[in-house]
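Okay, work-v1.txt now, which holds compact mmCIF, C-alpha atoms:
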# COMPACT_ATOMS: atom_id res chain seq x y z
CA MET A 1 29.89 -31.07 -0.10
CA THR A 2 30.15 -33.39 2.96
CA ASN A 3 29.11 -37.03 2.86
CA GLN A 4 26.04 -36.12 4.90
CA ASP A 5 24.99 -33.38 2.45
CA ASP A 6 25.61 -35.73 -0.45
CA MET A 7 23.39 -38.37 1.12
CA ALA A 8 20.62 -35.84 1.80
CA ALA A 9 20.81 -34.62 -1.79
CA ARG A 10 20.56 -38.18 -3.11
CA LEU A 11 17.58 -38.82 -0.82
CA MET A 12 15.87 -35.66 -2.00
CA ASP A 13 16.51 -36.56 -5.65
CA ASP A 14 14.63 -39.81 -5.15
CA MET A 15 11.50 -38.91 -7.09
CA ASP A 16 9.99 -39.25 -10.55
CA PRO A 17 12.78 -37.82 -12.81
CA LYS A 18 10.27 -35.82 -14.86
CA LEU A 19 8.91 -34.16 -11.74
CA LEU A 20 12.42 -33.53 -10.51
CA GLU A 21 13.26 -31.80 -13.76
CA PHE A 22 9.95 -29.89 -13.62
CA LEU A 23 10.89 -28.61 -10.17
CA ARG A 24 14.46 -27.73 -11.08
CA THR A 25 13.70 -25.99 -14.34
CA LYS A 26 10.17 -24.65 -14.06
CA VAL A 27 8.79 -24.42 -10.52
CA ASN A 28 11.91 -23.01 -8.90
CA SER A 29 10.17 -20.59 -6.53
CA PHE A 30 7.25 -20.77 -4.11
CA ILE A 31 5.34 -18.12 -6.04
CA LYS A 32 5.65 -20.20 -9.21
CA TRP A 33 4.43 -23.22 -7.21
CA ASP A 34 1.39 -21.18 -6.09
CA LEU A 35 0.76 -20.03 -9.65
CA VAL A 36 0.98 -23.55 -11.05
CA ARG A 37 -1.54 -24.70 -8.45
CA PHE A 38 -3.79 -21.71 -9.20
CA PHE A 39 -3.83 -22.42 -12.95
CA HIS A 40 -4.30 -26.13 -12.30
CA ASP A 41 -7.35 -25.45 -10.11
CA ASN A 42 -8.72 -22.76 -12.44
CA PRO A 43 -7.51 -24.06 -15.81
CA HIS A 44 -9.35 -21.64 -18.10
CA THR A 45 -8.20 -18.47 -16.38
CA THR A 46 -7.28 -15.78 -18.89
CA ASP A 47 -6.11 -12.58 -17.32
CA THR A 48 -3.48 -9.92 -16.82
CA ALA A 49 -0.64 -10.13 -14.31
CA GLU A 50 -2.34 -7.44 -12.24
CA ASN A 51 -5.59 -9.38 -11.95
CA ILE A 52 -3.84 -12.70 -11.38
CA ALA A 53 -1.85 -11.02 -8.59
CA ARG A 54 -5.15 -9.90 -7.08
CA TYR A 55 -6.55 -13.44 -7.25
CA ALA A 56 -3.36 -14.81 -5.71
CA GLY A 57 -3.11 -12.05 -3.09
CA ARG A 58 0.44 -11.15 -4.20
CA ASP A 59 2.36 -8.11 -5.38
CA PRO A 60 1.67 -7.52 -9.13
CA ARG A 61 5.33 -6.76 -10.00
CA THR A 62 6.57 -9.98 -8.41
CA ILE A 63 3.80 -11.98 -10.04
CA GLU A 64 4.53 -10.52 -13.46
CA SER A 65 8.18 -11.61 -13.48
CA GLU A 66 7.18 -15.11 -12.33
CA LEU A 67 4.47 -15.31 -15.00
CA ILE A 68 7.02 -14.33 -17.64
CA GLU A 69 9.38 -17.09 -16.50
CA LEU A 70 6.58 -19.66 -16.43
CA THR A 71 5.71 -18.59 -19.98
CA ARG A 72 9.33 -18.97 -21.10
CA SER A 73 9.47 -22.46 -19.62
CA GLY A 74 6.25 -23.51 -21.40
CA VAL A 75 3.98 -23.85 -18.36
CA LEU A 76 1.88 -20.84 -19.39
CA GLU A 77 1.13 -19.03 -22.62
CA MET A 78 1.00 -15.29 -23.09
CA GLN A 79 -1.13 -13.45 -25.61
CA GLN A 80 -1.25 -9.79 -26.44
CA VAL A 81 -4.88 -8.59 -26.28
CA SER A 82 -4.76 -4.97 -27.39
CA ASN A 83 -2.62 -3.25 -24.72
CA TYR A 84 -2.84 -6.12 -22.26
CA LYS A 85 -0.53 -9.10 -21.81
CA VAL A 86 -2.84 -11.96 -20.90
CA TYR A 87 -1.71 -15.26 -19.36
CA THR A 88 -3.31 -18.69 -19.73
CA LEU A 89 -2.33 -22.25 -18.94
CA ALA A 90 -0.35 -23.92 -21.74
CA THR A 91 -2.57 -25.85 -24.12
CA ASP A 92 0.13 -28.49 -24.72
CA ALA A 93 -1.34 -31.82 -23.55
CA GLU A 94 2.02 -33.16 -22.34
CA MET A 95 2.63 -30.07 -20.20
CA ARG A 96 -0.89 -30.25 -18.75
CA ALA A 97 -0.39 -33.93 -17.90
CA LEU A 98 2.91 -33.07 -16.18
CA ILE A 99 1.21 -30.31 -14.15
CA ASP A 100 -1.56 -32.75 -13.16
CA ARG A 101 1.08 -35.24 -12.01
CA PHE A 102 2.92 -32.57 -10.04
CA ILE A 103 -0.23 -31.39 -8.23
CA LEU A 104 -1.28 -34.97 -7.52
CA ALA A 105 2.20 -35.77 -6.18
CA CYS A 106 1.96 -32.74 -3.87
CA ASP A 107 -0.77 -34.57 -1.93
CA ASP A 108 2.03 -36.76 -0.58
CA ARG A 109 3.90 -35.22 2.37
CA GLN A 110 7.18 -36.94 1.51
CA PHE A 111 7.05 -35.51 -2.00
CA ARG A 112 6.28 -32.05 -0.67
CA VAL A 113 9.27 -32.15 1.66
CA LYS A 114 11.53 -33.09 -1.24
CA ALA A 115 9.94 -30.50 -3.51
CA ILE A 116 10.43 -27.75 -0.90
CA TYR A 117 14.10 -28.78 -0.60
CA HIS A 118 14.57 -28.39 -4.36
CA VAL A 119 12.75 -25.05 -4.52
CA ILE A 120 14.90 -23.65 -1.70
CA ARG A 121 18.07 -24.95 -3.39
CA GLY A 122 16.93 -23.40 -6.66
CA MET A 123 16.35 -20.05 -4.99
CA LYS A 124 19.89 -19.89 -3.54
CA MET B 1 -41.50 -19.95 -31.71
CA GLU B 2 -38.24 -21.72 -30.86
CA ARG B 3 -37.21 -21.40 -27.21
CA VAL B 4 -34.05 -21.97 -25.23
CA LYS B 5 -35.30 -23.83 -22.19
CA THR B 6 -33.72 -23.17 -18.83
CA GLY B 7 -34.94 -26.55 -17.60
CA ILE B 8 -35.79 -24.87 -14.29
CA HIS B 9 -39.11 -26.10 -12.98
CA GLY B 10 -41.66 -23.29 -13.18
CA LEU B 11 -39.39 -20.72 -14.85
CA ASP B 12 -39.84 -21.93 -18.43
CA GLU B 13 -43.59 -21.78 -17.86
CA MET B 14 -43.25 -18.13 -16.76
CA LEU B 15 -41.15 -17.41 -19.86
CA SER B 16 -43.76 -19.00 -22.19
CA GLY B 17 -41.39 -21.90 -22.85
CA GLY B 18 -37.95 -20.41 -22.24
CA PHE B 19 -35.67 -17.59 -23.39
CA LEU B 20 -35.66 -16.57 -27.02
CA PRO B 21 -32.56 -17.82 -28.89
CA GLU B 22 -29.52 -15.53 -29.06
CA THR B 23 -30.83 -13.07 -26.52
CA ALA B 24 -29.36 -11.39 -23.45
CA ASN B 25 -31.23 -12.17 -20.25
CA LEU B 26 -30.51 -10.22 -17.10
CA VAL B 27 -31.02 -11.79 -13.66
CA GLU B 28 -30.81 -9.24 -10.88
CA GLY B 29 -30.99 -9.73 -7.15
CA ALA B 30 -29.45 -9.20 -3.74
CA PRO B 31 -26.49 -11.31 -2.60
CA GLY B 32 -27.53 -14.89 -1.92
CA THR B 33 -30.86 -14.73 -3.72
CA GLY B 34 -29.77 -17.37 -6.26
CA LYS B 35 -28.62 -15.50 -9.38
CA THR B 36 -25.56 -17.68 -9.90
CA THR B 37 -27.52 -20.85 -9.11
CA LEU B 38 -30.08 -19.92 -11.76
CA GLY B 39 -27.26 -19.27 -14.23
CA MET B 40 -25.39 -22.48 -13.42
CA GLN B 41 -28.61 -24.49 -13.74
CA PHE B 42 -29.27 -22.90 -17.14
CA ILE B 43 -25.79 -23.93 -18.28
CA TYR B 44 -25.91 -27.40 -16.70
CA ASN B 45 -29.36 -28.25 -18.10
CA GLY B 46 -28.29 -26.96 -21.52
CA ALA B 47 -25.27 -29.27 -21.59
CA THR B 48 -27.00 -32.33 -20.14
CA GLN B 49 -30.62 -32.13 -21.32
CA PHE B 50 -30.65 -30.04 -24.47
CA ASP B 51 -27.30 -30.84 -26.10
CA GLN B 52 -26.27 -27.18 -25.86
CA PRO B 53 -22.75 -26.84 -24.43
CA GLY B 54 -21.99 -23.67 -22.52
CA LEU B 55 -19.41 -21.27 -21.17
CA ILE B 56 -19.28 -19.58 -17.79
CA LEU B 57 -17.33 -16.33 -17.64
CA THR B 58 -16.61 -15.38 -14.07
CA PHE B 59 -15.16 -12.02 -13.09
CA GLU B 60 -14.68 -12.67 -9.39
CA GLU B 61 -15.48 -16.16 -8.12
CA PHE B 62 -12.81 -18.76 -8.67
CA PRO B 63 -13.79 -21.58 -11.05
CA ARG B 64 -13.03 -24.08 -8.29
CA GLN B 65 -15.85 -22.41 -6.31
CA TYR B 66 -18.25 -23.12 -9.20
CA TYR B 67 -17.08 -26.75 -9.38
CA ARG B 68 -17.73 -27.10 -5.64
CA ASP B 69 -21.07 -25.26 -5.58
CA ALA B 70 -22.33 -27.11 -8.64
CA LEU B 71 -21.37 -30.45 -7.14
CA SER B 72 -23.48 -29.68 -4.08
CA PHE B 73 -26.49 -29.85 -6.45
CA GLY B 74 -25.13 -33.01 -8.08
CA TRP B 75 -23.91 -31.13 -11.18
CA ASP B 76 -20.43 -32.36 -12.06
CA PHE B 77 -18.90 -29.42 -13.94
CA LYS B 78 -15.45 -31.02 -14.09
CA ALA B 79 -16.91 -34.04 -15.85
CA LEU B 80 -18.72 -31.73 -18.28
CA GLU B 81 -15.42 -29.96 -19.01
CA ALA B 82 -13.77 -33.30 -19.66
CA GLN B 83 -16.61 -34.11 -22.10
CA ASN B 84 -16.09 -30.74 -23.84
CA LYS B 85 -19.57 -29.55 -22.91
CA LEU B 86 -18.48 -26.74 -20.59
CA ARG B 87 -15.68 -24.28 -19.90
CA VAL B 88 -15.50 -22.21 -16.72
CA VAL B 89 -13.33 -19.21 -17.54
CA MET B 90 -11.99 -16.76 -15.02
CA THR B 91 -11.15 -13.40 -16.51
CA SER B 92 -11.92 -9.70 -16.19
CA PRO B 93 -14.37 -7.42 -18.00
CA GLU B 94 -11.52 -5.35 -19.49
CA VAL B 95 -9.85 -8.39 -21.06
CA THR B 96 -13.13 -9.98 -22.21
CA LYS B 97 -14.30 -6.79 -23.86
CA LEU B 98 -11.08 -6.52 -25.88
CA ASP B 99 -10.99 -10.25 -26.55
CA LEU B 100 -14.48 -10.14 -28.06
CA GLN B 101 -13.47 -7.27 -30.32
CA ARG B 102 -10.74 -9.45 -31.88
CA VAL B 103 -11.34 -11.84 -34.74
CA ASN B 104 -10.97 -15.35 -33.35
CA GLY B 105 -10.37 -14.22 -29.78
CA GLN B 106 -10.20 -16.70 -26.94
CA VAL B 107 -13.93 -16.72 -26.11
CA GLU B 108 -14.73 -17.26 -29.78
CA ARG B 109 -12.18 -20.08 -30.10
CA MET B 110 -13.37 -21.75 -26.93
CA ALA B 111 -17.01 -21.53 -28.05
CA ALA B 112 -16.09 -23.03 -31.42
CA GLU B 113 -14.06 -25.81 -29.75
CA ILE B 114 -17.02 -27.14 -27.77
CA GLY B 115 -19.90 -25.76 -29.86
CA ALA B 116 -21.09 -23.54 -27.01
CA GLN B 117 -24.54 -22.05 -27.47
CA ARG B 118 -25.15 -20.78 -23.94
CA ILE B 119 -23.13 -18.43 -21.79
CA LEU B 120 -23.35 -17.25 -18.20
CA ILE B 121 -21.75 -13.90 -17.37
CA ASP B 122 -21.25 -13.65 -13.63
CA SER B 123 -21.52 -10.82 -13.08
CA LEU B 124 -22.27 -7.73 -15.12
CA SER B 125 -21.79 -5.64 -11.97
CA HIS B 126 -18.02 -5.84 -12.55
CA PHE B 127 -18.36 -3.64 -15.62
CA GLU B 128 -19.17 -0.88 -13.17
CA ARG B 129 -15.50 -0.74 -12.18
CA MET B 130 -14.63 0.29 -15.76
CA THR B 131 -16.58 3.53 -15.55
CA THR B 132 -18.64 5.56 -13.13
CA ASP B 133 -20.57 7.24 -15.94
CA PRO B 134 -23.95 5.44 -16.38
CA ILE B 135 -24.19 6.44 -20.05
CA GLU B 136 -20.74 5.05 -20.80
CA LEU B 137 -21.57 1.92 -18.80
CA ARG B 138 -24.70 1.36 -20.82
CA GLY B 139 -22.63 1.73 -24.01
CA LEU B 140 -20.01 -0.75 -22.76
CA VAL B 141 -22.62 -3.34 -21.81
CA PHE B 142 -24.50 -2.81 -25.09
CA GLU B 143 -21.30 -3.48 -27.07
CA PHE B 144 -20.47 -6.49 -24.91
CA ILE B 145 -23.96 -8.01 -25.33
CA ASN B 146 -23.89 -7.45 -29.09
CA ALA B 147 -20.53 -9.23 -29.32
CA LEU B 148 -21.99 -12.22 -27.43
CA LYS B 149 -25.02 -12.26 -29.72
CA ARG B 150 -22.72 -12.09 -32.76
CA LEU B 151 -21.26 -15.37 -31.49
CA ASN B 152 -24.84 -16.77 -31.37
CA PHE B 153 -24.93 -17.18 -27.60
CA THR B 154 -28.09 -17.19 -25.54
CA CYS B 155 -26.83 -15.33 -22.50
CA VAL B 156 -27.72 -15.17 -18.84
CA LEU B 157 -26.11 -12.13 -17.22
CA THR B 158 -26.27 -11.70 -13.48
CA ARG B 159 -26.25 -8.36 -11.73
CA GLU B 160 -26.03 -7.59 -8.05
CA ASN B 161 -28.55 -5.39 -6.35
CA PRO B 162 -27.51 -4.23 -2.89
CA ALA B 163 -31.08 -3.93 -1.62
CA LEU B 164 -31.76 -6.95 0.58
CA LEU B 165 -35.46 -6.27 0.86
CA GLY B 166 -37.45 -3.54 -0.82
CA GLU B 167 -35.52 -0.55 0.45
CA PRO B 168 -35.80 2.72 -1.45
CA GLY B 169 -33.09 3.33 -4.02
CA ASP B 170 -33.11 -0.22 -5.33
CA VAL B 171 -34.72 0.70 -8.62
CA GLU B 172 -32.63 -0.16 -11.68
CA ASP B 173 -31.09 3.17 -12.67
CA SER B 174 -28.31 2.62 -15.21
CA GLY B 175 -30.58 1.83 -18.13
CA LEU B 176 -29.19 -1.72 -18.43
CA ALA B 177 -32.75 -3.06 -18.43
CA PHE B 178 -33.22 -1.37 -21.79
CA VAL B 179 -30.28 -3.11 -23.48
CA VAL B 180 -31.25 -6.65 -22.46
CA ASP B 181 -34.02 -8.79 -23.92
CA SER B 182 -35.39 -10.11 -20.68
CA TYR B 183 -35.17 -8.96 -17.10
CA ILE B 184 -35.75 -11.23 -14.12
CA LEU B 185 -35.79 -9.88 -10.58
CA LEU B 186 -35.05 -11.99 -7.51
CA ARG B 187 -36.01 -10.63 -4.11
CA TYR B 188 -36.07 -11.52 -0.45
CA VAL B 189 -39.53 -11.18 1.06
CA GLU B 190 -40.39 -11.22 4.74
CA ILE B 191 -43.69 -12.88 5.57
CA GLU B 192 -44.71 -13.60 9.13
CA SER B 193 -41.14 -13.43 10.46
CA ALA B 194 -39.72 -15.77 7.82
CA VAL B 195 -37.67 -14.87 4.76
CA HIS B 196 -38.94 -16.19 1.46
CA LYS B 197 -37.63 -15.62 -2.06
CA ALA B 198 -39.66 -14.08 -4.86
CA LEU B 199 -39.12 -14.04 -8.63
CA LEU B 200 -40.66 -11.73 -11.19
CA VAL B 201 -40.18 -11.64 -14.95
CA LEU B 202 -40.29 -7.91 -15.53
CA LYS B 203 -39.63 -7.99 -19.24
CA LEU B 204 -39.42 -10.51 -22.08
CA ARG B 205 -38.90 -8.73 -25.37
CA GLY B 206 -40.86 -10.16 -28.29
CA SER B 207 -42.98 -12.52 -26.24
CA ASN B 208 -45.72 -12.76 -23.71
CA HIS B 209 -44.73 -13.85 -20.19
CA ASP B 210 -46.19 -14.57 -16.79
CA LYS B 211 -46.57 -11.38 -14.73
CA GLU B 212 -47.13 -13.08 -11.40
CA ILE B 213 -44.70 -12.69 -8.52
CA ARG B 214 -43.84 -16.25 -7.64
CA GLU B 215 -42.11 -17.87 -4.74
CA PHE B 216 -39.01 -19.93 -5.48
CA THR B 217 -36.82 -22.21 -3.45
CA ILE B 218 -33.30 -23.52 -3.82
CA GLY B 219 -33.24 -27.15 -2.77
CA PRO B 220 -30.88 -30.10 -3.24
CA ASP B 221 -31.62 -30.19 -6.98
CA GLY B 222 -31.30 -26.45 -7.57
CA MET B 223 -33.88 -23.76 -8.16
CA GLU B 224 -37.59 -24.49 -8.33
CA VAL B 225 -40.16 -21.80 -9.09
CA LYS B 226 -43.42 -22.37 -7.31
CA THR B 227 -46.81 -20.69 -7.34
CA ARG B 228 -47.58 -17.04 -6.75
CA PHE B 229 -47.78 -15.63 -3.26
CA GLU B 230 -51.37 -16.12 -2.13
CA ASP B 231 -53.30 -13.47 -0.23
CA GLN B 232 -50.37 -11.03 -0.10
CA GLU B 233 -49.81 -7.66 -1.70
CA GLY B 234 -46.82 -5.33 -1.84
CA ILE B 235 -44.48 -8.34 -2.24
CA PHE B 236 -41.64 -6.31 -3.78
CA THR B 237 -41.61 -3.85 -0.91
CA GLY B 238 -39.96 -6.77 0.86
CA THR B 239 -42.52 -6.69 3.65
CA PRO B 240 -45.87 -7.57 2.10
CA ARG B 241 -49.16 -7.38 3.93
CA ARG B 242 -52.26 -9.50 3.75
CA ARG B 243 -54.70 -8.28 1.19
CA MET B 244 -57.20 -5.85 2.70
CA ARG B 245 -60.25 -7.98 1.90
CA ASP B 246 -58.64 -11.08 3.47
CA ALA B 247 -57.59 -9.15 6.56
CA PHE B 248 -61.14 -7.80 6.80
CA ALA B 249 -62.65 -11.25 6.37
CA GLN B 250 -60.37 -12.62 9.09
CA ALA B 251 -61.16 -9.76 11.47
CA PHE B 252 -64.91 -9.92 10.82
CA PRO B 253 -65.79 -13.50 9.99
CA GLY B 254 -69.26 -13.78 8.57
CA ALA B 255 -69.42 -10.11 7.51
CA ASN B 256 -69.88 -11.08 3.87
CA LYS B 257 -72.72 -13.45 4.59

Encoding of this model in structure tokens:
Amino acid sequence: MTNQDDMAARLMDDMDPKLLEFLRTKVNSFIKWDLVRFFHDNPHTTDTAENIARYAGRDPRTIESELIELTRSGVLEMQQVSNYKVYTLATDAEMRALIDRFILACDDRQFRVKAIYHVIRGMK
Amino acid sequence: MERVKTGIHGLDEMLSGGFLPETANLVEGAPGTGKTTLGMQFIYNGATQFDQPGLILTFEEFPRQYYRDALSFGWDFKALEAQNKLRVVMTSPEVTKLDLQRVNGQVERMAAEIGAQRILIDSLSHFERMTTDPIELRGLVFEFINALKRLNFTCVLTRENPALLGEPGDVEDSGLAFVVDSYILLRYVEIESAVHKALLVLKLRGSNHDKEIREFTIGPDGMEVKTRFEDQEGIFTGTPRRRMRDAFAQAFPGANK
């Protein structure tokens, strides 16, 4: 890594450490970012990957794998309702507060630029 | 007899005081007639005036749309959710049907969490994507309604009717009117080149009700049911005409003297 890259990385890391960790470990793709925003805006959504894909205007197979990862990382919860796997926002108060903070932080352009940098790095 | 008041000016009067408790009440109308507004007002008034928290199950509209639309009438749904008096749940008929069949499913848990007594289902039309067979559809809706009643909900269920005015073919044909306890029709009516809205309580099982076709408006505070249409007949054709005797009296003033 060059000195310039190192400086950029340090600049991009300059954010709330909890949000930085949230981005690095949980919201490490743009689809996950979209899904987190969707569940934040519609917090009592309870539906299948197929229907959530329809609401989000995305491909169901892509959405399903992202939903599974968000469930593994504790952002969402999955329940088996008969033959259907149904996804909801995590009920954990700490996780919900973290999601609220993330969405609120996204209102700030500087934060968004940094967050996009981390998502792209995470996707590499 | 105990009633579940809608709190909508004029409508409770038509319903002899309100809906009967733990009943399924169908509101049918063309797009934009005010079905969802009526339902939201029923839920909002329940939570704020009658200490009856409620759930909204939406099968198409995003909850954020409800928050926004409700706020335009001054109804703060987000605040009600924070006070545990409301939950706006986005889901699908397939999932809800199976969820209600479970013991302690999500709807049941959510209702218990906030003590919900009212529910808005918006809309029943989405059950139509589960089957094209009207008999099977009636069975599905019957089972769904019974599950909601088992949870002691008083329900408002909306249903779309594609007929904007009184075109032929707009008659309820799937038999759903038979499985609900009350049936309210909302219609557009054209009178003298202006579109008005009309409301009729077609059915209220186990109770008397007003049979008049009344005009209603949706203003800054929500829905308000007014008086019946004066001097008009054939309202539900969508293009009513002046009553014959009034038209005659206008054409031949003094003829009755």

**Request:** Define the interface residues of chain A facing chain B as those within 9 Å, counting only C-alpha atoms, and report them as a PyMOL selection string.
**Result:** chain A and resi 41-48+51-52+55+81-82+84+86

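We find atom CA of Gln110 of chain A and atom CA of Trp33 of chain A to be spaced 16.5 Å apart.
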
**Message:** Which residues are near Leu19 of chain A? Cut-off 8 Å, all atoms listed in the file, ignore same chain within fewer than 5 positions. Put them as a list in words.
**Reply:** Leu98, Arg101 and Phe102 of chain A

**Request:** Would you kindly return, as a PyMOL selection string, each protein, DNA or RNA residue with an atom no farther than 7 Å from any atom of Gln117 of chain B, considering only C-alpha atoms and excluding same-chain residues fewer than 3 positions away?
**Result:** chain B and resi 52-54+152-154

Need the axis-aligned box for segment 19-24 of chain B with 6 Å each side, so what are the centre and edges in Å to one decimal, as lines of an AutoDock Vina configuration file?
center_x = -32.5
center_y = -14.6
center_z = -26.2
size_x = 18.3
size_y = 18.4
size_z = 17.7

**Asked** So how many Å separate atom CA of Val27 of chain B and atom CA of Asn146 of chain B, to one decimal?
**Response** 17.5 Å

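Between atom CA of Ser29 of chain A and atom CA of Val119 of chain A there is a distance of 5.5 Å.
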
**Message:** Restricting the calculation to all atoms listed in the file: of A:Leu11, A:Ala115, A:Ala105, A:Ile68, which residue gets closest to Tyr87 of chain A?
**Reply:**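 When distances to Tyr87 of chain A are compared using all atoms listed in the file, the smallest one comes from A:Ile68.
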
**Message:** Could you check the closest approach to Thr91 of chain A for each of A:Ile63, A:Arg58, A:Val75, A:Arg24 and tell me which residue wins, using only C-alpha atoms?
**Reply:**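 Using only C-alpha atoms, the shortest distance to Thr91 of chain A belongs to A:Val75.
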
**Item:** Option closest in space to Tyr117 of chain A, from A:Met12, A:Ala56, A:Val36, A:Leu89 [counting all atoms listed in the file]
**Value:**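 Closest candidate: A:Met12.
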
**Shell of 12 Å around Leu176 of chain B, all atoms listed in the file, local chain residues under 3 positions omitted, as number ranges by chain** = B: 24-28, 124-125, 127-128, 134-145, 157-159, 171-173, 179-183

**Prompt:** Which is closest to Lys149 of chain B among B:Gln232, B:Thr237, B:Thr23, B:Thr131, if we use only C-alpha atoms?
**Reply:**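 Nearest candidate to Lys149 of chain B out of B:Gln232, B:Thr237, B:Thr23, B:Thr131: B:Thr23.
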